[in-house]
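See below for entry19.txt, which holds compact mmCIF, C-alpha atoms and all ligand atoms.
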# COMPACT_ATOMS: atom_id res chain seq x y z
CA MET A 1 -0.30 18.55 5.96
CA ARG A 2 -0.57 14.94 4.78
CA LYS A 3 -2.74 12.69 6.92
CA PRO A 4 -0.88 9.50 7.94
CA ILE A 5 -2.20 6.27 6.46
CA ILE A 6 -1.56 2.82 7.92
CA ALA A 7 -2.63 -0.20 5.89
CA GLY A 8 -2.52 -3.82 6.97
CA ASN A 9 -1.82 -6.29 4.17
CA TRP A 10 -3.04 -9.66 5.39
CA LYS A 11 -1.76 -11.39 2.22
CA LEU A 12 -2.79 -15.07 1.94
CA ASN A 13 -3.79 -15.33 5.59
CA LYS A 14 -7.05 -15.68 7.51
CA THR A 15 -10.13 -17.66 6.59
CA PRO A 16 -13.34 -15.61 6.72
CA HIS A 17 -13.98 -16.80 10.29
CA GLU A 18 -10.44 -15.95 11.41
CA ALA A 19 -10.71 -12.59 9.67
CA ILE A 20 -13.85 -11.71 11.63
CA VAL A 21 -12.04 -12.53 14.87
CA LEU A 22 -9.05 -10.35 13.93
CA ALA A 23 -11.25 -7.46 12.75
CA ASN A 24 -13.22 -7.60 16.02
CA ASP A 25 -9.99 -7.68 18.05
CA LEU A 26 -8.77 -4.65 16.10
CA LYS A 27 -12.01 -2.82 16.78
CA ARG A 28 -11.39 -3.31 20.49
CA GLU A 29 -7.68 -2.43 20.36
CA ILE A 30 -7.85 0.63 18.12
CA VAL A 31 -9.67 2.98 20.41
CA ASP A 32 -8.89 6.24 18.63
CA VAL A 33 -9.11 6.47 14.85
CA ALA A 34 -8.69 10.25 14.72
CA GLY A 35 -5.77 11.76 12.84
CA VAL A 36 -4.85 8.66 10.86
CA ASP A 37 -6.40 6.71 7.99
CA ILE A 38 -6.54 3.00 8.80
CA VAL A 39 -7.05 0.37 6.11
CA LEU A 40 -7.42 -3.40 6.48
CA CYS A 41 -6.69 -5.50 3.39
CA PRO A 42 -7.89 -9.07 3.97
CA PRO A 43 -7.99 -11.70 1.21
CA PHE A 44 -10.90 -11.41 -1.26
CA THR A 45 -12.77 -14.24 0.46
CA ALA A 46 -12.97 -12.30 3.73
CA LEU A 47 -13.83 -8.86 2.35
CA ALA A 48 -17.59 -9.14 2.85
CA ASP A 49 -17.31 -10.35 6.45
CA VAL A 50 -14.67 -7.77 7.37
CA ALA A 51 -16.81 -5.06 5.73
CA ASP A 52 -19.69 -6.04 8.02
CA THR A 53 -17.43 -6.12 11.06
CA LEU A 54 -16.00 -2.67 10.31
CA THR A 55 -19.38 -0.94 9.86
CA ASP A 56 -19.34 2.48 11.58
CA THR A 57 -15.79 2.09 12.92
CA GLY A 58 -14.00 4.63 10.69
CA ILE A 59 -11.61 1.85 9.63
CA ALA A 60 -11.52 1.41 5.86
CA LEU A 61 -11.45 -1.75 3.79
CA GLY A 62 -8.88 -2.47 1.09
CA ALA A 63 -8.35 -5.27 -1.43
CA GLN A 64 -5.01 -6.79 -2.40
CA ASN A 65 -5.49 -6.67 -6.17
CA ILE A 66 -7.97 -5.73 -8.92
CA PHE A 67 -8.38 -6.86 -12.52
CA TRP A 68 -8.48 -4.19 -15.24
CA GLU A 69 -11.72 -5.26 -16.92
CA ASP A 70 -15.05 -4.67 -15.17
CA ALA A 71 -16.68 -7.94 -16.28
CA GLY A 72 -16.43 -10.70 -18.85
CA ALA A 73 -14.73 -13.99 -19.61
CA PHE A 74 -11.77 -13.67 -17.21
CA THR A 75 -11.94 -16.75 -15.01
CA GLY A 76 -10.59 -16.25 -11.53
CA GLU A 77 -10.36 -12.45 -11.64
CA ILE A 78 -12.02 -9.83 -9.39
CA SER A 79 -13.14 -6.48 -10.77
CA GLY A 80 -13.55 -2.92 -9.56
CA PRO A 81 -17.38 -2.95 -9.47
CA MET A 82 -17.28 -6.19 -7.44
CA LEU A 83 -14.94 -4.61 -4.88
CA LYS A 84 -16.85 -1.35 -4.76
CA ASP A 85 -20.11 -3.22 -4.13
CA LEU A 86 -18.53 -4.88 -1.08
CA GLY A 87 -17.63 -1.53 0.45
CA VAL A 88 -13.95 -1.61 -0.49
CA SER A 89 -12.32 1.81 -0.79
CA TYR A 90 -8.58 1.09 -1.28
CA VAL A 91 -6.70 -1.43 -3.38
CA ILE A 92 -3.04 -2.47 -3.19
CA ILE A 93 -1.53 -2.60 -6.67
CA GLY A 94 1.87 -3.88 -7.82
CA HIS A 95 3.00 -5.39 -4.53
CA SER A 96 6.47 -6.91 -4.98
CA GLU A 97 5.08 -10.39 -4.32
CA ARG A 98 2.82 -9.93 -7.33
CA ARG A 99 5.71 -8.61 -9.43
CA GLN A 100 7.90 -11.52 -8.26
CA PHE A 101 5.49 -14.48 -8.32
CA PHE A 102 2.70 -13.47 -10.70
CA ASN A 103 4.51 -11.70 -13.54
CA GLU A 104 3.14 -8.28 -12.64
CA THR A 105 4.79 -5.59 -14.74
CA ASN A 106 4.63 -1.80 -14.81
CA GLU A 107 2.19 -2.15 -17.71
CA THR A 108 -0.24 -4.41 -15.83
CA VAL A 109 0.13 -2.25 -12.71
CA ASN A 110 -0.84 0.75 -14.80
CA LYS A 111 -3.91 -1.05 -16.18
CA ARG A 112 -5.04 -2.07 -12.70
CA LEU A 113 -4.43 1.45 -11.42
CA ARG A 114 -6.64 2.93 -14.12
CA ALA A 115 -9.36 0.38 -13.33
CA ALA A 116 -9.21 1.30 -9.64
CA LEU A 117 -9.51 5.02 -10.36
CA LYS A 118 -12.34 4.46 -12.85
CA ASN A 119 -14.25 2.60 -10.14
CA GLY A 120 -13.65 5.15 -7.40
CA LEU A 121 -11.14 3.04 -5.47
CA ALA A 122 -8.00 4.64 -4.02
CA PRO A 123 -4.92 2.78 -5.27
CA ILE A 124 -1.95 2.01 -3.03
CA VAL A 125 0.81 1.55 -5.61
CA CYS A 126 3.97 -0.26 -4.49
CA VAL A 127 7.47 0.44 -5.77
CA GLY A 128 10.79 -0.86 -4.49
CA GLU A 129 14.16 -2.38 -5.25
CA ASN A 130 15.42 -5.85 -4.36
CA LEU A 131 18.67 -6.58 -2.54
CA ALA A 132 20.80 -7.13 -5.65
CA GLN A 133 19.53 -3.85 -7.09
CA ARG A 134 20.33 -1.96 -3.89
CA GLU A 135 23.77 -3.51 -3.62
CA SER A 136 24.57 -2.54 -7.19
CA ASN A 137 23.46 1.06 -6.59
CA LYS A 138 20.38 0.73 -8.80
CA THR A 139 17.82 1.74 -6.16
CA PHE A 140 16.96 5.09 -7.72
CA ASP A 141 16.86 3.63 -11.25
CA ILE A 142 14.36 1.00 -10.11
CA ILE A 143 12.22 3.50 -8.21
CA LYS A 144 12.17 5.75 -11.28
CA ASP A 145 11.28 2.83 -13.55
CA HIS A 146 8.50 1.55 -11.25
CA SER A 147 7.08 5.03 -10.64
CA GLU A 148 7.17 6.26 -14.24
CA GLY A 149 5.93 2.96 -15.63
CA SER A 150 3.16 2.41 -13.08
CA LEU A 151 1.88 6.00 -13.08
CA SER A 152 2.21 6.54 -16.82
CA GLY A 153 -0.47 8.70 -18.44
CA LEU A 154 -2.23 9.70 -15.21
CA SER A 155 -3.58 13.23 -14.96
CA SER A 156 -2.74 15.37 -11.93
CA GLU A 157 -6.35 15.03 -10.78
CA GLU A 158 -6.03 11.23 -10.88
CA MET A 159 -2.64 11.29 -9.18
CA LYS A 160 -4.11 13.17 -6.21
CA LYS A 161 -6.12 10.03 -5.36
CA VAL A 162 -3.11 7.68 -5.40
CA VAL A 163 -1.14 6.56 -2.35
CA LEU A 164 2.39 5.31 -3.02
CA ALA A 165 4.18 2.70 -0.94
CA TYR A 166 7.96 2.49 -0.97
CA GLU A 167 8.69 -1.13 -0.16
CA PRO A 168 12.30 -2.29 -0.45
CA VAL A 169 11.89 -5.96 -1.31
CA TRP A 170 14.82 -6.92 0.94
CA ALA A 171 12.93 -5.54 3.94
CA ILE A 172 9.61 -7.31 3.33
CA GLY A 173 8.98 -10.15 5.76
CA THR A 174 12.69 -10.35 6.61
CA GLY A 175 12.83 -8.42 9.86
CA LYS A 176 15.38 -6.11 8.18
CA THR A 177 13.85 -2.65 8.15
CA ALA A 178 15.31 0.16 6.07
CA THR A 179 16.78 2.72 8.46
CA PRO A 180 14.71 5.88 8.76
CA ASP A 181 17.43 7.70 6.77
CA GLN A 182 17.46 5.08 4.00
CA ALA A 183 13.68 5.26 3.68
CA GLN A 184 13.57 9.07 3.87
CA GLU A 185 16.19 9.32 1.10
CA VAL A 186 14.01 7.29 -1.26
CA HIS A 187 10.83 9.13 -0.28
CA VAL A 188 12.49 12.44 -1.10
CA PHE A 189 13.60 11.00 -4.45
CA ILE A 190 10.01 9.91 -5.19
CA ARG A 191 8.68 13.40 -4.35
CA GLN A 192 11.23 15.00 -6.67
CA LEU A 193 10.17 12.58 -9.39
CA LEU A 194 6.49 13.41 -8.83
CA GLY A 195 7.41 17.09 -9.15
CA LYS A 196 8.89 16.41 -12.58
CA MET A 197 6.14 14.03 -13.72
CA PHE A 198 3.25 16.15 -12.41
CA ASN A 199 3.82 19.35 -10.45
CA THR A 200 4.94 20.67 -7.08
CA GLU A 201 1.49 20.46 -5.57
CA ILE A 202 1.31 16.73 -6.36
CA ALA A 203 4.86 16.18 -5.09
CA ASN A 204 3.93 17.78 -1.78
CA SER A 205 0.47 16.31 -1.34
CA VAL A 206 0.74 12.64 -2.39
CA ARG A 207 1.09 10.34 0.58
CA ILE A 208 4.02 7.92 0.51
CA GLN A 209 3.97 4.97 2.89
CA TYR A 210 7.01 2.97 3.88
CA GLY A 211 6.67 -0.82 3.94
CA GLY A 212 9.09 -3.52 5.06
CA SER A 213 9.14 -5.13 8.52
CA VAL A 214 7.37 -2.22 10.22
CA THR A 215 6.75 -2.98 13.90
CA PRO A 216 5.58 -1.07 16.98
CA ASP A 217 9.28 -0.62 17.82
CA ASN A 218 10.36 1.12 14.63
CA VAL A 219 7.23 2.93 13.48
CA VAL A 220 7.83 6.09 15.51
CA SER A 221 11.34 6.67 14.15
CA LEU A 222 10.15 6.00 10.59
CA MET A 223 7.17 8.33 10.97
CA ALA A 224 9.46 11.03 12.39
CA GLN A 225 10.90 11.43 8.90
CA ALA A 226 9.45 14.41 7.08
CA ASP A 227 8.47 12.51 3.93
CA ILE A 228 7.14 9.27 5.42
CA ASP A 229 3.37 9.46 5.65
CA GLY A 230 2.46 6.05 6.93
CA ALA A 231 3.15 2.36 6.62
CA LEU A 232 2.08 -0.66 4.64
CA VAL A 233 2.31 -3.45 7.18
CA GLY A 234 2.43 -7.19 6.50
CA GLY A 235 3.37 -9.53 9.34
CA ALA A 236 2.63 -7.13 12.19
CA SER A 237 -0.88 -6.51 10.86
CA LEU A 238 -1.91 -10.09 11.62
CA LYS A 239 -1.99 -9.54 15.39
CA ALA A 240 -4.34 -6.93 16.81
CA PRO A 241 -2.01 -5.61 19.56
CA SER A 242 0.92 -5.00 17.18
CA PHE A 243 -1.18 -3.40 14.44
CA ALA A 244 -2.98 -1.21 17.00
CA ALA A 245 0.39 -0.13 18.44
CA ILE A 246 1.61 0.77 14.94
CA VAL A 247 -1.52 2.85 14.35
CA LYS A 248 -0.92 4.65 17.65
CA GLY A 249 2.75 5.22 16.85
CA ALA A 250 1.93 6.61 13.42
CA LYS A 251 0.16 9.71 14.67
CA LYS A 252 2.50 12.57 13.94
C1 LIG B 1 4.14 -6.05 2.93
O1 LIG B 1 3.61 -7.12 2.75
O2 LIG B 1 3.83 -5.10 2.19
C2 LIG B 1 5.11 -5.92 4.01
C3 LIG B 1 5.72 -4.78 4.16
O3 LIG B 1 5.31 -7.01 4.81
P1 LIG B 1 6.11 -7.04 6.22
O4 LIG B 1 5.58 -5.91 7.05
O5 LIG B 1 5.81 -8.37 6.79
O6 LIG B 1 7.56 -6.85 5.90
Using the file provided, produce a representation of the structure as structure tokens.
Ligand code: PEP
Amino acid sequence: MRKPIIAGNWKLNKTPHEAIVLANDLKREIVDVAGVDIVLCPPFTALADVADTLTDTGIALGAQNIFWEDAGAFTGEISGPMLKDLGVSYVIIGHSERRQFFNETNETVNKRLRAALKNGLAPIVCVGENLAQRESNKTFDIIKDHSEGSLSGLSSEEMKKVVLAYEPVWAIGTGKTATPDQAQEVHVFIRQLLGKMFNTEIANSVRIQYGGSVTPDNVVSLMAQADIDGALVGGASLKAPSFAAIVKGAKK
């Protein structure tokens, strides 16, 4: 049985003060944290304050990126030990916005992933096709390329700690959600791939989130799919009532 995991990706939103308000609102709205892992991923500048706010709540803290070196002359970067010291336990890696706007590649995703694992952080690794790729029937090729490239060289023990997020780029922030069947089809494909790359145990145990315009209205039908284990939520994670409703709806 895979425990559902709901993560809120706040992206480039919320000053530290606004983040404290949202985290406090979420504490009030999310009354029952049992049966689901909940992760909040504020911007780096709000991590310390949100960490304080979440003390003893059972809600985990995630970062939105990590650099692959631990320390050194890398102006503007944030490292694994820095995140760990703040109480971060998850890190989103290879989000499509990073691939699209910041030249993230499978190779850099792989380096960040290794840095996260080395520092005891659980990676949430994103894969997903864009609209042109879907319309030209390249979805599975892209998923294979992202998965094999990003997860390259990982041992089965390391892979057990990874969460995957299937995020069709055409569904992110657009209000166009993949249908439950469309998402399930890709999740099954990813599991089959994990079976080939690792083994059956990994294929069956790794959690795969769906991401792309998840709302309180569609979360239940998405979560009803056998291979969807949670959601990576952007827009709807910025309001406490909608994120809390998604968490509630995610309990299988
Ligand atoms: C995301 O940022 O990963 C995402 C899925 O965004 P949204 O929920 O807004 O589509």
Would you tabulate, counting all atoms listed in the file, all residues of chain A that have an atom at most 9 Å from an atom of ligand LIG 1 (chain B), showing the closest pair of atoms and their distance in Å to one decimal, sorted by chain then ascending number, as a Markdown table?
| residue | atom | partner | partner_atom | distance |
| --- | --- | --- | --- | --- |
| A:Ala7 | CA | B:LIG1 | O2 | 8.9 |
| A:Gly8 | CA | B:LIG1 | O2 | 8.1 |
| A:Asn9 | CA | B:LIG1 | O1 | 5.7 |
| A:Trp10 | CA | B:LIG1 | O1 | 7.6 |
| A:Lys11 | CA | B:LIG1 | O1 | 6.9 |
| A:His95 | CA | B:LIG1 | O2 | 6.8 |
| A:Ser96 | CA | B:LIG1 | O2 | 7.9 |
| A:Glu97 | CA | B:LIG1 | O1 | 7.9 |
| A:Cys126 | CA | B:LIG1 | O2 | 8.3 |
| A:Ala165 | CA | B:LIG1 | O2 | 8.4 |
| A:Glu167 | CA | B:LIG1 | C3 | 6.4 |
| A:Pro168 | CA | B:LIG1 | C3 | 8.4 |
| A:Val169 | CA | B:LIG1 | C3 | 8.3 |
| A:Trp170 | CA | B:LIG1 | O6 | 8.8 |
| A:Ala171 | CA | B:LIG1 | O6 | 5.9 |
| A:Ile172 | CA | B:LIG1 | O6 | 3.3 |
| A:Gly173 | CA | B:LIG1 | O6 | 3.6 |
| A:Thr174 | CA | B:LIG1 | O6 | 6.3 |
| A:Gly175 | CA | B:LIG1 | O6 | 6.8 |
| A:Lys176 | CA | B:LIG1 | O6 | 8.2 |
| A:Thr177 | CA | B:LIG1 | O6 | 7.9 |
| A:Tyr210 | CA | B:LIG1 | C3 | 7.9 |
| A:Gly211 | CA | B:LIG1 | C3 | 4.1 |
| A:Gly212 | CA | B:LIG1 | C3 | 3.7 |
| A:Ser213 | CA | B:LIG1 | O6 | 3.5 |
| A:Val214 | CA | B:LIG1 | O4 | 5.2 |
| A:Thr215 | CA | B:LIG1 | O4 | 7.5 |
| A:Ala231 | CA | B:LIG1 | C3 | 8.0 |
| A:Leu232 | CA | B:LIG1 | O2 | 5.4 |
| A:Val233 | CA | B:LIG1 | O4 | 4.1 |
| A:Gly234 | CA | B:LIG1 | O3 | 3.3 |
| A:Gly235 | CA | B:LIG1 | O5 | 3.7 |
| A:Ala236 | CA | B:LIG1 | O4 | 6.1 |
| A:Ser237 | CA | B:LIG1 | O4 | 7.5 |
For the residues selected in the previous step, produce a file with C-alpha atoms as a PDB file, in the frame of the given file.
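Generated output (selection13.pdb):
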ATOM      1  CA  ALA A   7      -2.630  -0.200   5.890  1.00  0.00           C
ATOM      2  CA  GLY A   8      -2.520  -3.820   6.970  1.00  0.00           C
ATOM      3  CA  ASN A   9      -1.820  -6.290   4.170  1.00  0.00           C
ATOM      4  CA  TRP A  10      -3.040  -9.660   5.390  1.00  0.00           C
ATOM      5  CA  LYS A  11      -1.760 -11.390   2.220  1.00  0.00           C
ATOM      6  CA  HIS A  95       3.000  -5.390  -4.530  1.00  0.00           C
ATOM      7  CA  SER A  96       6.470  -6.910  -4.980  1.00  0.00           C
ATOM      8  CA  GLU A  97       5.080 -10.390  -4.320  1.00  0.00           C
ATOM      9  CA  CYS A 126       3.970  -0.260  -4.490  1.00  0.00           C
ATOM     10  CA  ALA A 165       4.180   2.700  -0.940  1.00  0.00           C
ATOM     11  CA  GLU A 167       8.690  -1.130  -0.160  1.00  0.00           C
ATOM     12  CA  PRO A 168      12.300  -2.290  -0.450  1.00  0.00           C
ATOM     13  CA  VAL A 169      11.890  -5.960  -1.310  1.00  0.00           C
ATOM     14  CA  TRP A 170      14.820  -6.920   0.940  1.00  0.00           C
ATOM     15  CA  ALA A 171      12.930  -5.540   3.940  1.00  0.00           C
ATOM     16  CA  ILE A 172       9.610  -7.310   3.330  1.00  0.00           C
ATOM     17  CA  GLY A 173       8.980 -10.150   5.760  1.00  0.00           C
ATOM     18  CA  THR A 174      12.690 -10.350   6.610  1.00  0.00           C
ATOM     19  CA  GLY A 175      12.830  -8.420   9.860  1.00  0.00           C
ATOM     20  CA  LYS A 176      15.380  -6.110   8.180  1.00  0.00           C
ATOM     21  CA  THR A 177      13.850  -2.650   8.150  1.00  0.00           C
ATOM     22  CA  TYR A 210       7.010   2.970   3.880  1.00  0.00           C
ATOM     23  CA  GLY A 211       6.670  -0.820   3.940  1.00  0.00           C
ATOM     24  CA  GLY A 212       9.090  -3.520   5.060  1.00  0.00           C
ATOM     25  CA  SER A 213       9.140  -5.130   8.520  1.00  0.00           C
ATOM     26  CA  VAL A 214       7.370  -2.220  10.220  1.00  0.00           C
ATOM     27  CA  THR A 215       6.750  -2.980  13.900  1.00  0.00           C
ATOM     28  CA  ALA A 231       3.150   2.360   6.620  1.00  0.00           C
ATOM     29  CA  LEU A 232       2.080  -0.660   4.640  1.00  0.00           C
ATOM     30  CA  VAL A 233       2.310  -3.450   7.180  1.00  0.00           C
ATOM     31  CA  GLY A 234       2.430  -7.190   6.500  1.00  0.00           C
ATOM     32  CA  GLY A 235       3.370  -9.530   9.340  1.00  0.00           C
ATOM     33  CA  ALA A 236       2.630  -7.130  12.190  1.00  0.00           C
ATOM     34  CA  SER A 237      -0.880  -6.510  10.860  1.00  0.00           C
TER      35      SER A 237
END
d(CA of Pro180 (chain A), CA of Arg2 (chain A)) in Å:
18.2 Å
Can you tell me, as number ranges by chain, what residues are no more than 6 Å from region 16-33 of chain A when counting all atoms listed in the file, ignoring any on the same chain fewer than 5 positions away?
A: 46, 50, 240, 244
Residues near region 107-120 of chain A, anyone? I mean within 12 Å using only C-alpha atoms, not counting same-chain ones fewer than 2 positions away, as a PyMOL selection string.
chain A and resi 62-71+77-85+87-96+98-99+102-105+122-127+145-155+157-164
Expressed in Å to a single decimal, how great is the separation between CA of Lys196 (chain A) and CA of Val36 (chain A)?
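Computing the Euclidean distance for CA of Lys196 (chain A) and CA of Val36 (chain A) yields 28.3 Å.
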Using all atoms listed in the file for the distances, tell me which of A:Val247, A:Thr45, A:Ala60, A:Ser156 is nearest to Phe198 (chain A).
A:Ser156
Select, from A:Ala245, A:Ala250, A:Leu61, A:Ala34, the residue with the minimum atom-to-atom distance to Pro216 (chain A), counting all atoms listed in the file.
A:Ala245
Distance of CA of Lys3 (chain A) from CA of Asp229 (chain A), expressed in Å to one decimal place:
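Distance reported for this atom pair: 7.0 Å.
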Applying 12 Å and all atoms listed in the file, which residues near Gln182 (chain A) remain after dropping the ones on its own chain fewer than 5 positions away? List them as an MDAnalysis selection string.
chainID A and resid 134 139:140 166:168 171 177 187:189 210 221:222 225 227:228
Ranking A:Leu12, A:Leu121, A:Ile143, A:Met1 by minimum distance to Pro42 (chain A) and counting only C-alpha atoms, which one comes first?
A:Leu12
Select, from A:Gly76, A:Val186, A:Met223, A:Ala178, the residue with the minimum atom-to-atom distance to Leu131 (chain A), counting all atoms listed in the file.
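Nearest candidate to Leu131 (chain A) out of A:Gly76, A:Val186, A:Met223, A:Ala178: A:Ala178.
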